[in-house]
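Colleague: Handing you this structure, nothing more for now.
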Amino acid sequence: MSVNIPYIANVKTICKDLTTTGTIGVYTGSANLRGSLDSMSICNDSASSANFTLQMTDGTSIFKIYDVFPVASHTTLFIKEHNVQIPDGWTLQVIAATANALHVVTVIAEVSPVRSQ
């Protein structure tokens, strides 16, 4: 009997300094490996609150996960337990409303399509 079991092929930690207020791509899913957002921390090291947006796009449509979410001065927002799947060709993106205030650490679990047992 053959059983197809997806498995975690790789875990990536991606660090981004949000030095601009533009959209920054964090991770793009591929056909070989599906990405899954395991966790993300957003640290605000500035003296005032800064807004943060987390979204996914397929290049045409944008889907917001957090929209203009405030991160208080000198605190860290920790995102866990969402398990957002990042399909082939889709990109996970972050946007800071204030430049040079936020730092993002993202953990992505890459899952293989399947393997035979």
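Chain lettering (A, B, ...) mirrors the order of the structure tokens, residue numbering begins at 1 for each chain separately, and ligand numbering begins at 1 in order of display.
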Which residues of region 27-71 of chain A come within 7 Å of region 84-94 of chain A, and what is each one's closest atom pair and distance in Å (one decimal), counting only C-alpha atoms, sorted by chain and residue number, as CSV?

Modeller:
```
residue,atom,partner,partner_atom,distance
A:Tyr27,CA,A:Leu92,CA,5.3
A:Thr28,CA,A:Thr91,CA,4.2
A:Gly29,CA,A:Asp88,CA,4.5
A:Ser30,CA,A:Asp88,CA,4.4
A:Ala31,CA,A:Asp88,CA,5.1
A:Arg34,CA,A:Pro87,CA,5.9
A:Gly35,CA,A:Ile86,CA,4.9
A:Ser36,CA,A:Gln85,CA,4.5
A:Leu37,CA,A:Val84,CA,5.2
A:Thr53,CA,A:Val94,CA,5.6
A:Leu54,CA,A:Val94,CA,4.7
A:Gln55,CA,A:Gln93,CA,5.3
A:Met56,CA,A:Leu92,CA,4.6
A:Thr57,CA,A:Thr91,CA,5.4
A:Asp58,CA,A:Trp90,CA,4.5
```

Colleague: With only C-alpha atoms as the basis for distance, which of A:Phe78, A:Phe52, A:Ile108, A:Ser73 is at the shortest distance from Thr20 (chain A)?

Modeller: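 Under the stated criterion, the closest residue is A:Phe52.
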
Colleague: So, counting only C-alpha atoms, which residue among A:Val107, A:His74, A:Ile79, A:Thr23 is closest to Ser49 (chain A)?

Modeller: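 Closest candidate: A:His74.
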
Colleague: What gap, in Å, lies between CA of Leu102 (chain A) and CA of Ile65 (chain A)?

Modeller: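 Computed distance, CA of Leu102 (chain A) to CA of Ile65 (chain A), equals 17.3 Å.
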
Colleague: How many Å lie between CA of Gly22 (chain A) and CA of Asp38 (chain A), rounded to one decimal?

Modeller: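 So the two atoms, CA of Gly22 (chain A) and CA of Asp38 (chain A), lie 23.8 Å apart.
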
Colleague: Hey, what does DSSP flag as strand (DSSP E) within chain A? Can you give it to me as JSON, numbers by chain?

Modeller: {"A": [8, 9, 10, 11, 12, 13, 14, 15, 16, 17, 18, 23, 24, 25, 26, 27, 28, 34, 35, 36, 37, 38, 39, 40, 41, 42, 43, 44, 50, 51, 52, 53, 54, 55, 56, 57, 62, 63, 64, 65, 66, 67, 68, 69, 70, 71, 75, 76, 77, 78, 79, 80, 81, 82, 83, 84, 85, 86, 91, 92, 93, 94, 95, 96, 102, 103, 104, 105, 106, 107, 108, 109, 110, 111]}

Colleague: A:Ala96, A:Val68, A:Ile62, A:Ala109: which is nearest Tyr7 (chain A), counting only C-alpha atoms?

Modeller: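 Using only C-alpha atoms, Tyr7 (chain A) sits closest to A:Ala109.
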
Colleague: Do you have the CA of Glu110 (chain A)-CA of Leu33 (chain A) distance handy?

Modeller: 5.6 Å

Colleague: Tell me which protein, DNA and RNA residues are within 9 Å of Leu77 (chain A), counting only C-alpha atoms, leaving out same-chain ones fewer than 3 positions away, and put them as number ranges by chain.

Modeller: A: 40-44, 71-72

Colleague: So, counting only C-alpha atoms, which residue among A:Asn100, A:Asn32, A:Asn51, A:Ser39 is closest to Val11 (chain A)?

Modeller: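 Selected residue with least distance to Val11 (chain A): A:Ser39.
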